[in-house]
>>> print(open('target.cif').read())   # mmCIF, C-alpha atoms
data_protein
loop_
_atom_site.label_atom_id
_atom_site.label_comp_id
_atom_site.auth_asym_id
_atom_site.auth_seq_id
_atom_site.Cartn_x
_atom_site.Cartn_y
_atom_site.Cartn_z
CA MET A 10 0.00 0.00 0.00
CA ARG A 11 1.46 3.32 -1.07
CA GLU A 12 1.68 6.07 1.49
CA ILE A 13 -0.10 9.33 0.67
CA VAL A 14 2.08 12.31 1.55
CA THR A 15 1.24 16.01 1.63
CA ILE A 16 4.25 18.23 0.95
CA TRP A 17 4.10 21.77 2.38
CA TYR A 18 7.66 23.07 1.96
CA SER A 19 10.37 22.17 -0.55
CA GLY A 20 14.04 23.11 -0.64
CA ALA A 21 17.05 22.38 -2.80
CA LYS A 22 17.52 18.83 -1.41
CA TYR A 23 14.71 18.14 1.05
CA GLN A 24 10.97 18.61 1.43
CA LEU A 25 8.80 18.84 4.53
CA GLY A 26 5.25 17.58 4.90
CA ARG A 27 2.91 15.08 6.52
CA GLY A 28 2.53 11.38 5.95
CA GLN A 29 0.16 8.81 7.40
CA HIS A 30 2.27 8.49 10.55
CA GLY A 31 3.13 12.12 11.30
CA TYR A 32 5.38 14.90 10.04
CA GLY A 33 8.41 13.94 7.99
CA ILE A 34 11.28 15.06 5.80
CA TRP A 35 11.73 13.50 2.38
CA ALA A 36 14.59 13.86 -0.10
CA VAL A 37 13.80 15.64 -3.35
CA GLY A 38 14.20 12.93 -5.99
CA GLY A 39 14.87 10.39 -3.23
CA PRO A 40 14.72 6.60 -3.52
CA GLY A 41 11.35 5.86 -1.87
CA PRO A 42 8.18 7.06 -0.10
CA GLN A 43 9.43 6.51 3.46
CA PRO A 44 10.58 9.72 5.19
CA LEU A 45 14.22 10.22 6.05
CA GLU A 46 13.17 11.53 9.48
CA GLN A 47 9.78 11.49 11.17
CA TRP A 48 8.06 13.20 14.12
CA PRO A 49 4.72 12.68 15.88
CA GLU A 50 1.77 14.85 14.83
CA THR A 51 1.91 17.08 17.92
CA PRO A 52 2.83 20.75 18.43
CA ASP A 53 6.29 19.75 19.62
CA GLY A 54 6.61 17.35 16.72
CA TRP A 55 5.87 20.11 14.20
CA SER A 56 8.30 22.49 15.92
CA ALA A 57 11.04 19.85 15.85
CA ALA A 58 10.32 18.96 12.20
CA TRP A 59 10.46 22.59 11.10
CA SER A 60 13.65 23.24 13.08
CA ARG A 61 15.33 20.23 11.53
CA PHE A 62 14.16 21.18 8.01
CA THR A 63 15.45 24.75 8.27
CA ALA A 64 18.74 23.42 9.65
CA LEU A 65 19.12 21.32 6.48
CA GLU A 66 17.94 23.96 4.00
CA ALA A 67 18.93 27.60 3.59
CA PRO A 68 15.90 29.86 4.23
CA GLY A 69 16.17 31.52 0.80
CA ARG A 70 15.81 28.15 -0.95
CA ILE A 71 12.61 27.07 0.82
CA ALA A 72 9.45 27.19 -1.33
CA HIS A 73 6.03 27.28 0.33
CA LEU A 74 3.77 24.80 -1.48
CA SER A 75 0.70 24.59 0.77
CA GLN A 76 -0.37 25.46 4.30
CA PRO A 77 0.34 22.88 7.05
CA ALA A 78 -2.51 21.52 9.11
CA ALA A 79 -2.71 22.33 12.78
CA PRO A 80 -1.09 19.57 14.85
CA ALA A 81 -3.36 17.78 17.26
CA ALA A 82 -2.59 18.57 20.89
CA ARG A 83 -2.23 15.66 23.27
CA PRO A 84 -4.23 15.55 26.49
CA VAL A 85 -2.59 17.17 29.50
CA GLY A 86 -0.80 14.57 31.55
CA ALA A 87 -0.24 12.20 28.63
CA VAL A 88 2.85 10.06 29.10
CA GLY A 89 4.89 7.84 26.89
CA ALA A 90 5.38 9.43 23.47
CA VAL A 91 8.49 11.40 22.80
CA GLY A 92 7.62 15.07 22.50
CA GLY A 93 4.38 14.81 24.42
CA VAL A 94 3.01 17.75 26.32
CA GLY A 95 1.93 17.91 29.91
CA GLY A 96 3.92 14.96 31.25
CA ILE A 97 7.27 13.20 31.47
CA SER A 98 8.30 11.19 28.43
CA GLY A 99 8.31 7.60 29.61
CA VAL A 100 10.30 5.75 32.23
CA SER A 101 13.56 7.46 31.26
CA GLY A 102 12.03 10.85 32.00
CA VAL A 103 10.91 9.72 35.44
CA SER A 104 14.36 8.27 36.10
CA ALA A 105 16.00 11.55 35.08
CA VAL A 106 13.83 13.51 37.51
CA ILE A 107 14.57 11.02 40.30
CA LEU A 108 18.32 11.28 39.69
CA LEU A 109 18.20 15.07 39.72
CA ALA A 110 16.12 15.09 42.91
CA ALA A 111 18.53 12.64 44.58
CA GLY A 112 21.50 14.75 43.49
CA VAL A 113 19.93 17.90 44.92
CA ALA A 114 19.19 16.06 48.19
CA CYS A 115 22.82 14.93 48.46
CA GLY A 116 24.02 18.44 47.66
CA VAL A 117 21.83 19.98 50.35
CA ALA A 118 23.04 17.40 52.87
CA GLY A 119 26.64 18.19 51.90
CA LEU A 120 26.28 21.84 52.91
CA PHE A 121 26.54 21.09 56.63
CA PRO A 122 29.36 18.55 57.32
CA GLY A 123 33.01 19.49 56.89
CA TYR A 124 33.90 20.16 53.23
CA LEU A 125 37.62 20.91 53.08
CA SER A 126 39.92 21.10 56.13
CA GLY A 127 36.98 20.55 58.46
CA ALA A 128 35.05 23.74 57.60
CA SER A 129 31.49 23.29 56.29
CA LEU A 130 30.06 25.24 53.36
CA ALA A 131 27.23 26.52 55.57
CA LYS A 132 29.79 28.42 57.69
CA GLU A 133 31.54 30.01 54.70
CA PRO A 134 29.15 32.34 52.83
CA ALA A 135 31.51 32.82 49.90
CA GLU A 136 31.53 29.05 49.30
CA LEU A 137 27.90 28.48 50.26
CA VAL A 138 26.36 30.89 47.74
CA PRO A 139 27.58 29.21 44.51
CA HIS A 140 26.65 25.72 45.72
CA VAL A 141 23.14 26.90 46.61
CA ILE A 142 22.83 28.41 43.13
CA TYR A 143 23.86 25.13 41.46
CA LEU A 144 21.32 23.21 43.53
CA ALA A 145 18.60 25.74 42.69
CA VAL A 146 19.27 25.33 38.95
CA TRP A 147 19.11 21.54 39.14
CA THR A 148 15.88 21.79 41.16
CA VAL A 149 14.24 24.06 38.58
CA SER A 150 15.47 21.78 35.80
CA ALA A 151 13.91 18.73 37.47
CA LEU A 152 10.57 20.56 37.72
CA LEU A 153 10.71 21.58 34.04
CA ILE A 154 11.54 18.03 32.97
CA ALA A 155 8.63 16.72 35.05
CA LEU A 156 6.24 19.12 33.25
CA GLY A 157 7.12 17.53 29.90
CA GLY A 158 6.82 18.95 26.39
CA THR A 159 9.05 21.83 25.37
CA ARG A 160 9.66 22.68 29.03
CA GLN A 161 11.23 19.25 29.42
CA ARG A 162 13.81 20.08 26.77
CA VAL A 163 14.51 23.48 28.29
CA GLY A 164 15.04 21.90 31.72
CA THR A 165 17.27 19.22 30.23
CA LEU A 166 19.60 21.67 28.47
CA LEU A 167 19.66 23.99 31.48
CA ALA A 168 20.73 21.13 33.76
CA LEU A 169 23.19 19.78 31.21
CA GLY A 170 24.96 23.12 30.75
CA THR A 171 25.30 23.55 34.52
CA SER A 172 26.53 19.98 35.00
CA VAL A 173 29.20 20.26 32.31
CA VAL A 174 30.69 23.52 33.61
CA THR A 175 30.52 22.60 37.31
CA PHE A 176 32.43 19.38 36.64
CA GLY A 177 35.67 21.36 36.63
CA LEU A 178 34.71 23.27 39.78
CA PHE A 179 34.02 20.10 41.74
CA PHE A 180 37.14 18.47 40.30
CA ALA A 181 39.23 21.42 41.49
CA ASP A 182 37.86 20.89 45.02
CA ALA A 183 38.67 17.20 44.78
CA GLY A 184 42.10 18.17 43.42
CA THR A 185 42.83 19.97 46.68
CA VAL A 186 42.38 16.64 48.48
CA ILE A 187 44.43 14.79 45.87
CA ALA A 188 47.31 17.23 46.31
CA GLY A 189 47.05 17.75 50.07
CA GLY A 190 46.05 14.30 51.31
CA THR A 191 42.90 12.66 52.59
CA ARG A 192 43.09 14.60 55.86
CA LEU A 193 41.46 17.47 53.95
CA LEU A 194 38.56 15.32 52.77
CA GLY A 195 35.27 15.98 54.51
CA ALA A 196 31.89 14.30 54.31
CA GLY A 197 30.49 17.47 52.75
CA LEU A 198 32.80 17.14 49.75
CA VAL A 199 31.90 13.46 49.33
CA LEU A 200 28.19 14.27 49.39
CA GLY A 201 28.74 17.17 47.01
CA LEU A 202 30.56 14.97 44.50
CA VAL A 203 27.85 12.28 44.71
CA GLY A 204 25.21 14.97 44.24
CA TRP A 205 26.97 16.37 41.15
CA LEU A 206 27.33 12.86 39.71
CA ALA A 207 23.60 12.14 40.19
CA CYS A 208 22.57 15.48 38.64
CA ALA A 209 24.93 14.98 35.70
CA ALA A 210 23.56 11.46 35.13
CA GLY A 211 19.97 12.75 35.34
CA SER A 212 20.54 15.56 32.84
CA THR A 213 22.35 13.19 30.47
CA LEU A 214 19.52 10.66 30.67
CA ALA A 215 16.94 13.38 30.01
CA PHE A 216 19.02 14.65 27.07
CA ARG A 217 18.84 11.23 25.40
CA LEU A 218 15.02 11.28 25.43
CA ARG A 219 14.85 13.47 22.34
CA SER A 220 17.29 14.26 19.55
CA ALA A 221 15.15 16.27 17.13
CA ASP A 222 16.90 19.52 18.04
CA ALA A 223 20.66 19.66 17.71
CA PRO A 224 23.52 21.88 16.55
CA GLY A 225 22.82 22.78 12.95
CA ARG A 226 24.36 24.60 10.05
CA LEU A 227 25.03 28.24 10.89
CA GLN A 228 23.26 30.60 8.51
CA ARG A 229 24.89 33.78 7.29
CA HIS A 230 22.62 36.04 9.30
CA ALA A 231 23.82 34.30 12.49
CA TRP A 232 27.57 34.41 11.82
CA GLY A 233 28.03 37.77 13.54
CA PRO A 234 26.17 36.91 16.79
CA ALA A 235 27.83 33.49 16.94
CA GLY A 236 31.24 35.13 16.56
CA ILE A 237 30.47 37.60 19.35
CA VAL A 238 29.33 34.77 21.65
CA THR A 239 32.50 32.79 20.95
CA LEU A 240 34.80 35.77 21.57
CA ALA A 241 32.98 36.60 24.81
CA ALA A 242 33.34 32.99 25.96
CA LEU A 243 37.07 33.00 25.18
CA GLY A 244 37.44 36.29 27.05
CA ALA A 245 35.57 35.02 30.11
CA ALA A 246 37.64 31.83 30.13
CA ALA A 247 40.90 33.79 29.89
CA ALA A 248 39.85 36.20 32.65
CA PHE A 249 38.85 33.29 34.90
CA ALA A 250 42.48 32.22 35.40
CA PRO A 251 44.27 35.33 36.81
CA SER A 252 44.13 36.51 40.40
CA TRP A 253 40.86 38.15 41.43
CA ASP A 254 41.58 38.95 45.09
CA SER A 255 43.65 41.99 46.04
CA TYR A 256 44.84 42.71 49.59
CA THR A 257 46.56 45.74 51.07
CA LEU A 258 48.38 45.31 54.41
CA ARG A 259 49.18 48.42 56.50
CA THR A 260 50.98 48.71 59.83
CA SER A 261 50.89 51.48 62.40
CA ALA A 262 54.44 52.40 61.32
CA GLY A 263 53.17 53.29 57.86
CA LEU A 264 54.46 50.21 56.06
CA THR A 265 52.23 49.08 53.18
CA GLN A 266 52.26 45.90 51.15
CA SER A 267 49.91 44.82 48.36
CA LEU A 268 49.23 41.19 47.50
CA THR A 269 47.05 39.33 45.03
CA ALA A 270 45.65 35.81 45.36
CA GLY A 271 43.56 33.35 43.41
CA ASN A 272 45.68 32.72 40.32
CA SER A 273 44.55 29.37 38.93
CA PHE A 274 48.04 28.42 37.78
CA ALA A 275 49.58 29.00 41.21
CA ASN A 276 47.69 26.00 42.61
CA PRO A 277 48.71 22.32 42.73
CA GLY A 278 48.43 20.36 39.50
CA PRO A 279 45.06 18.65 40.15
CA VAL A 280 43.47 22.00 41.04
CA ILE A 281 44.89 23.56 37.87
CA ALA A 282 43.39 20.68 35.88
CA GLY A 283 39.97 21.43 37.36
CA ASP A 284 40.18 25.15 36.58
CA VAL A 285 41.31 24.43 33.02
CA ALA A 286 38.37 22.03 32.65
CA VAL A 287 36.04 24.87 33.65
CA MET A 288 37.49 27.16 30.99
CA VAL A 289 37.40 24.53 28.25
CA ALA A 290 33.87 23.44 29.15
CA LEU A 291 32.60 27.02 29.14
CA VAL A 292 33.90 27.71 25.63
CA ALA A 293 32.69 24.34 24.29
CA VAL A 294 29.17 24.70 25.70
CA VAL A 295 28.83 28.32 24.59
CA VAL A 296 29.89 27.51 21.01
CA THR A 297 27.50 24.54 20.96
CA ALA A 298 24.68 26.74 22.25
CA ALA A 299 25.35 29.31 19.52
CA LEU A 300 24.92 26.58 16.89
CA TRP A 301 21.84 25.02 18.49
CA ARG A 302 18.58 25.00 16.58
CA PRO A 303 16.07 26.22 17.56
CA SER A 304 17.96 29.05 19.20
CA ARG A 305 15.58 29.31 22.18
CA LEU A 306 16.85 25.89 23.28
CA GLY A 307 20.40 27.04 22.60
CA ALA A 308 19.67 29.91 25.00
CA ALA A 309 18.69 27.36 27.67
CA LEU A 310 21.99 25.52 27.19
CA LEU A 311 23.89 28.82 27.29
CA ALA A 312 22.07 29.86 30.48
CA GLY A 313 23.02 26.56 32.11
CA ALA A 314 26.70 27.22 31.36
CA LEU A 315 26.56 30.87 32.46
CA ILE A 316 24.88 30.38 35.82
CA PRO A 317 27.94 28.70 37.46
CA MET A 318 30.17 31.48 36.09
CA VAL A 319 27.84 34.15 37.47
CA ALA A 320 27.86 32.25 40.76
CA GLN A 321 31.66 32.47 40.85
CA ALA A 322 31.50 36.24 40.43
CA ILE A 323 28.91 36.52 43.22
CA SER A 324 31.13 34.37 45.44
CA ALA A 325 34.06 36.74 44.87
CA LEU A 326 31.89 39.74 45.79
CA VAL A 327 30.70 38.02 48.96
CA GLN A 328 34.26 37.15 49.92
CA VAL A 329 35.56 40.69 49.47
CA SER A 330 32.74 42.02 51.66
CA GLU A 331 33.92 39.89 54.61
CA PRO A 332 36.75 40.88 56.96
CA THR A 333 40.09 39.24 56.19
CA SER A 334 41.84 37.40 58.99
CA PRO A 335 45.60 38.05 59.41
CA THR A 336 46.11 34.31 59.84
CA ALA A 337 45.60 33.98 56.08
CA PHE A 338 49.01 35.67 55.71
CA GLY A 339 50.76 33.72 58.46
CA VAL A 340 50.32 36.43 61.11
CA SER A 341 48.63 35.62 64.39
CA ARG A 342 45.92 37.88 65.74
CA ALA A 343 48.16 38.84 68.68
CA GLN A 344 50.99 39.87 66.35
CA ALA A 345 48.57 41.81 64.17
CA ALA A 346 47.22 43.69 67.18
CA GLN A 347 50.71 44.44 68.44
CA SER A 348 51.90 45.89 65.14
CA GLY A 349 48.62 47.63 64.39
CA LEU A 350 48.20 45.60 61.21
CA THR A 351 45.09 46.31 59.15
CA ILE A 352 44.06 44.45 56.02
CA SER A 353 41.79 45.82 53.30
CA SER A 354 40.58 43.65 50.45
CA GLY A 355 39.46 44.41 46.92
CA LEU A 356 39.17 42.93 43.45
CA THR A 357 41.64 43.11 40.58
CA ALA A 358 41.05 44.40 37.07
CA ALA A 359 40.93 40.79 35.84
CA PHE A 360 37.77 40.20 37.87
CA TRP A 361 35.97 43.21 36.39
CA LEU A 362 37.07 42.18 32.91
CA TYR A 363 35.65 38.72 33.62
CA CYS A 364 32.36 40.30 34.72
CA ALA A 365 32.20 42.34 31.50
CA PHE A 366 32.57 39.21 29.36
CA VAL A 367 29.98 37.34 31.42
CA VAL A 368 27.52 40.24 31.11
CA ALA A 369 28.07 40.17 27.34
CA LEU A 370 27.23 36.47 27.32
CA VAL A 371 24.10 37.08 29.38
CA MET A 372 23.01 39.74 26.89
CA MET A 373 23.60 37.35 24.00
CA CYS A 374 21.53 34.73 25.81
CA GLY A 375 18.67 37.24 25.98
CA TRP A 376 19.18 38.06 22.31
CA MET A 377 18.87 34.39 21.40
CA LEU A 378 15.53 34.26 23.24
CA ARG A 379 14.22 37.47 21.65
CA SER A 380 15.33 36.44 18.15
CA VAL A 381 12.56 33.81 18.00
CA ARG A 382 9.68 35.27 16.03
CA PRO A 383 6.75 33.30 14.59
CA ALA A 384 6.61 33.58 10.83
CA GLY A 385 4.32 32.24 8.18
CA ARG A 386 6.51 32.94 5.18
CA ALA A 387 8.34 30.18 3.42
CA ALA A 388 11.68 31.93 3.77
CA ALA A 389 11.43 32.22 7.53
CA PRO A 390 14.72 31.98 9.42
CA PRO A 391 15.53 28.61 11.00
CA ASP A 392 14.77 29.88 14.49
CA SER A 393 11.09 30.53 13.74
CA VAL A 394 8.22 28.10 13.29
CA PRO A 395 5.31 28.94 10.95
CA ALA A 396 1.99 29.15 12.78
CA PRO A 397 -0.01 26.08 11.68
CA MET A 398 -3.42 26.77 10.11
CA PRO A 399 -6.14 24.13 9.76
CA ILE A 400 -6.96 22.81 6.31
CA ALA A 401 -9.28 20.16 5.03
CA PRO A 402 -8.42 16.54 5.84
CA MET A 403 -5.74 14.99 3.68
CA GLY A 404 -6.97 13.44 0.50
CA PRO A 405 -5.72 12.36 -2.91
CA ASP A 406 -6.55 15.73 -4.47
CA ASP A 407 -4.19 17.72 -2.24
CA SER A 408 -1.49 15.07 -1.78
CA ARG A 409 1.33 13.51 -3.71
CA ASP A 410 2.17 9.83 -3.95
CA LEU A 411 5.91 9.65 -3.45
CA VAL A 412 6.69 6.50 -5.38
CA PRO A 413 9.93 5.70 -7.23
CA ASP A 414 9.58 5.85 -11.00
CA ALA A 415 11.05 3.38 -13.44
CA ALA A 416 14.43 5.08 -13.18
CA GLY A 417 14.44 4.74 -9.42
CA ARG A 418 13.74 8.42 -8.84
CA GLN A 419 11.05 9.92 -6.67
CA ASP A 420 8.66 12.55 -7.99
CA GLY A 421 8.76 15.83 -6.12
CA PRO A 422 5.72 18.01 -5.51
CA ALA A 423 4.44 20.41 -8.12
CA VAL A 424 4.34 24.06 -7.08
CA PRO A 425 0.78 25.39 -7.35
#
>>> encode(input="target.cif", output="structure tokens")
Amino acid sequence: MREIVTIWYSGAKYQLGRGQHGYGIWAVGGPGPQPLEQWPETPDGWSAAWSRFTALEAPGRIAHLSQPAAPAARPVGAVGAVGGVGGISGVSGVSAVILLAAGVACGVAGLFPGYLSGASLAKEPAELVPHVIYLAVWTVSALLIALGGTRQRVGTLLALGTSVVTFGLFFADAGTVIAGGTRLLGAGLVLGLVGWLACAAGSTLAFRLRSADAPGRLQRHAWGPAGIVTLAALGAAAAFAPSWDSYTLRTSAGLTQSLTAGNSFANPGPVIAGDVAVMVALVAVVVTAALWRPSRLGAALLAGALIPMVAQAISALVQVSEPTSPTAFGVSRAQAAQSGLTISSGLTAAFWLYCAFVVALVMMCGWMLRSVRPAGRAAAPPDSVPAPMPIAPMGPDDSRDLVPDAAGRQDGPAVP
């Protein structure tokens, strides 16, 4: 039995339409009637099909043949089909949410025992703030994944971006133990590492639920923004390594000494490896997000990578607002009082340069969200999805039978 196919859009190599089993992409002059790729006849399915089609074809080459029918919405709470709305997609989706929830629970529990050298995160505001931010992101991501539909994909990419970048941060903490010995290892660090591992596994499992959206071919109109995003990521990564903390020591005798601290490459090897992993992961995720189609999902991935970097900046601001103990410089409190030693802290130019690059990335993330505009024209950019309009049910008069001819070629649709 031959499949009746309605073709709505045609490009130089591919054509987009609807078959008996949902939306699909067929090759122009291809070998047979079966689609090369297929999606369910749901709103998310149509969005994914259009995004994939415009990633394969340049917008200027797309011809509008006929108006697509409105996709049928699934009942709220439906479960099981990939791309469904209102519920988690199958057992894997439930497992992803459970892993994220377990990871968040371990992370919260790890805030209170000793983390490194016996001090807990809860007693160190500068260290507590970024960890709370990571846990908040993973919590929001789990809720979005549980809601299903497009929100599931947003939550997945948000959690994935955060998990990838924070790998280096947690590895740097573990590197301190590797370099200094197990005496530095606290239960809080163990729980934190287990929590990160569970959240990373949950976001990876959720990511595998759908693969309709993916990095695509970069169109000319997006070259400039993608280049700006890449340069900003490289700048933020480069500014992450130098010293951020600046200290000025003054004595009652008028002696003054200035010091800087926090240079990534002044640490032991394992800690350096973790910091380098952060920088590499940031650039890799940002570039991937810039190429992602549709761009609103790329913005979710970019936001996931940026949140840990913003958290690092907030941590530095919290730290500089706290009084600095003279013991950090090998001077006892008694000696400091005797010599009239005072310590003032500040932030170096490298920190403010880092903040400027991060702000630029945040602005580009907002631009990627605002660049999505519904369009009904055939030459719509790949980040937009034509608004479906209902038409009469599919029939032989408005369809094409895609059947190989005697030469093995497949007839393409005729333009009305």
>>> resolve_selection(input="target.cif", expression="the PyMOL selection byres ((chain A and resi 307) around 12)", output="number ranges by chain")
A: 162-167, 169-170, 222-225, 235, 238, 294-306, 308-314, 373-378, 380-381, 392
>>> closest_residue(input="target.cif", among="A:Gly69, A:Gly119, A:Gly54, A:Gly112", to="Ala210 (chain A)", atoms="all atoms listed in the file")
A:Gly112
>>> residues_around(input="target.cif", residues="region 20-26 of chain A", least_positions_apart="2", cutoff="8 Å", atoms="all atoms listed in the file", output="number ranges by chain")
A: 14-18, 28, 32-37, 58-59, 62, 65-67, 70-72, 77
>>> atom_distance(input="target.cif", atom1="CA of Trp253 (chain A)", atom2="CA of Trp361 (chain A)")
8.7 Å
>>> atom_distance(input="target.cif", atom1="CA of Ala322 (chain A)", atom2="CA of Ala207 (chain A)")
25.4 Å
>>> resolve_selection(input="target.cif", expression="the PyMOL selection byres ((chain A and resi 155) around 10)", output="mmCIF file with C-alpha atoms, keeping the file's coordinate frame")
data_model
loop_
_atom_site.group_PDB
_atom_site.id
_atom_site.type_symbol
_atom_site.label_atom_id
_atom_site.label_comp_id
_atom_site.auth_asym_id
_atom_site.auth_seq_id
_atom_site.Cartn_x
_atom_site.Cartn_y
_atom_site.Cartn_z
ATOM 1 C CA GLY A 95 1.930 17.910 29.910
ATOM 2 C CA GLY A 96 3.920 14.960 31.250
ATOM 3 C CA ILE A 97 7.270 13.200 31.470
ATOM 4 C CA SER A 98 8.300 11.190 28.430
ATOM 5 C CA GLY A 102 12.030 10.850 32.000
ATOM 6 C CA VAL A 103 10.910 9.720 35.440
ATOM 7 C CA ALA A 105 16.000 11.550 35.080
ATOM 8 C CA VAL A 106 13.830 13.510 37.510
ATOM 9 C CA ILE A 107 14.570 11.020 40.300
ATOM 10 C CA VAL A 149 14.240 24.060 38.580
ATOM 11 C CA SER A 150 15.470 21.780 35.800
ATOM 12 C CA ALA A 151 13.910 18.730 37.470
ATOM 13 C CA LEU A 152 10.570 20.560 37.720
ATOM 14 C CA LEU A 153 10.710 21.580 34.040
ATOM 15 C CA ILE A 154 11.540 18.030 32.970
ATOM 16 C CA LEU A 156 6.240 19.120 33.250
ATOM 17 C CA GLY A 157 7.120 17.530 29.900
ATOM 18 C CA GLY A 158 6.820 18.950 26.390
ATOM 19 C CA ARG A 160 9.660 22.680 29.030
ATOM 20 C CA GLN A 161 11.230 19.250 29.420
ATOM 21 C CA GLY A 164 15.040 21.900 31.720
#
>>> residues_around(input="target.cif", residues="Leu194 (chain A)", least_positions_apart="4", cutoff="10 Å", atoms="all atoms listed in the file", output="list in words")
Gly123, Tyr124, Leu125, Ser126, Gly127, Asp182, Ala183, Thr185, Val186, Ile187, Gly189, Gly190, Leu198 and Val199 of chain A
>>> atom_distance(input="target.cif", atom1="CA of Thr148 (chain A)", atom2="CA of Ala110 (chain A)")
6.9 Å
>>> residues_around(input="target.cif", residues="Ala359 (chain A)", least_positions_apart="2", cutoff="10 Å", atoms="all atoms listed in the file", output="PyMOL selection string")
chain A and resi 245+247-254+356-357+361-365
>>> resolve_selection(input="target.cif", expression="the PyMOL selection byres ((chain A and resi 284) around 7)", output="list of chain:residue names")
A:Gly177, A:Leu178, A:Ala181, A:Ser273, A:Val280, A:Ile281, A:Ala282, A:Gly283, A:Val285, A:Ala286, A:Val287, A:Met288
>>> closest_residue(input="target.cif", among="A:Gly263, A:Ser19, A:Phe121, A:Met372", to="Leu74 (chain A)", atoms="only C-alpha atoms")
A:Ser19
>>> residues_around(input="target.cif", residues="Pro317 (chain A)", least_positions_apart="5", cutoff="8 Å", atoms="only C-alpha atoms", output="ChimeraX atom specification")
/A:139,142-143,171,174-175
>>> residues_around(input="target.cif", residues="region 337-344 of chain A", least_positions_apart="3", cutoff="12 Å", atoms="only C-alpha atoms", output="mmCIF file with C-alpha atoms, in the frame of the given file")
data_model
loop_
_atom_site.group_PDB
_atom_site.id
_atom_site.type_symbol
_atom_site.label_atom_id
_atom_site.label_comp_id
_atom_site.auth_asym_id
_atom_site.auth_seq_id
_atom_site.Cartn_x
_atom_site.Cartn_y
_atom_site.Cartn_z
ATOM 1 C CA TYR A 256 44.840 42.710 49.590
ATOM 2 C CA THR A 257 46.560 45.740 51.070
ATOM 3 C CA LEU A 258 48.380 45.310 54.410
ATOM 4 C CA THR A 260 50.980 48.710 59.830
ATOM 5 C CA GLN A 266 52.260 45.900 51.150
ATOM 6 C CA SER A 267 49.910 44.820 48.360
ATOM 7 C CA LEU A 268 49.230 41.190 47.500
ATOM 8 C CA THR A 269 47.050 39.330 45.030
ATOM 9 C CA ALA A 270 45.650 35.810 45.360
ATOM 10 C CA PRO A 332 36.750 40.880 56.960
ATOM 11 C CA THR A 333 40.090 39.240 56.190
ATOM 12 C CA SER A 334 41.840 37.400 58.990
ATOM 13 C CA GLN A 347 50.710 44.440 68.440
ATOM 14 C CA SER A 348 51.900 45.890 65.140
ATOM 15 C CA GLY A 349 48.620 47.630 64.390
ATOM 16 C CA LEU A 350 48.200 45.600 61.210
ATOM 17 C CA THR A 351 45.090 46.310 59.150
ATOM 18 C CA ILE A 352 44.060 44.450 56.020
#
>>> closest_residue(input="target.cif", among="A:Phe360, A:Thr239, A:Gln29, A:Ala290", to="Asn272 (chain A)", atoms="all atoms listed in the file")
A:Phe360
>>> closest_residue(input="target.cif", among="A:Arg259, A:Gly31, A:Val113, A:Glu136", to="Leu206 (chain A)", atoms="only C-alpha atoms")
A:Val113
>>> closest_residue(input="target.cif", among="A:Leu193, A:Cys115, A:Val141, A:Leu108", to="Ala215 (chain A)", atoms="all atoms listed in the file")
A:Leu108
>>> build_atoms(input="target.cif", residues="region 198-205 of chain A", atoms="N, CA, C and O atoms", output="short mmCIF file (atom, residue, chain, number, x, y, z; two decimals), in the coordinates of the input")
data_model
loop_
_atom_site.label_atom_id
_atom_site.label_comp_id
_atom_site.auth_asym_id
_atom_site.auth_seq_id
_atom_site.Cartn_x
_atom_site.Cartn_y
_atom_site.Cartn_z
N LEU A 198 32.27 17.25 51.11
CA LEU A 198 32.80 17.14 49.75
C LEU A 198 32.35 15.84 49.11
O LEU A 198 31.99 15.81 47.92
N VAL A 199 32.35 14.75 49.87
CA VAL A 199 31.90 13.46 49.33
C VAL A 199 30.44 13.56 48.88
O VAL A 199 30.08 13.14 47.77
N LEU A 200 29.60 14.12 49.74
CA LEU A 200 28.19 14.27 49.39
C LEU A 200 28.01 15.21 48.19
O LEU A 200 27.15 14.99 47.33
N GLY A 201 28.83 16.25 48.14
CA GLY A 201 28.74 17.17 47.01
C GLY A 201 29.10 16.50 45.69
O GLY A 201 28.44 16.72 44.67
N LEU A 202 30.16 15.68 45.72
CA LEU A 202 30.56 14.97 44.50
C LEU A 202 29.51 13.96 44.08
O LEU A 202 29.21 13.82 42.88
N VAL A 203 28.93 13.24 45.04
CA VAL A 203 27.85 12.28 44.71
C VAL A 203 26.65 13.03 44.14
O VAL A 203 26.01 12.58 43.18
N GLY A 204 26.32 14.18 44.74
CA GLY A 204 25.21 14.97 44.24
C GLY A 204 25.45 15.45 42.82
O GLY A 204 24.54 15.39 41.97
N TRP A 205 26.67 15.95 42.52
CA TRP A 205 26.97 16.37 41.15
C TRP A 205 26.84 15.19 40.19
O TRP A 205 26.27 15.34 39.10
#
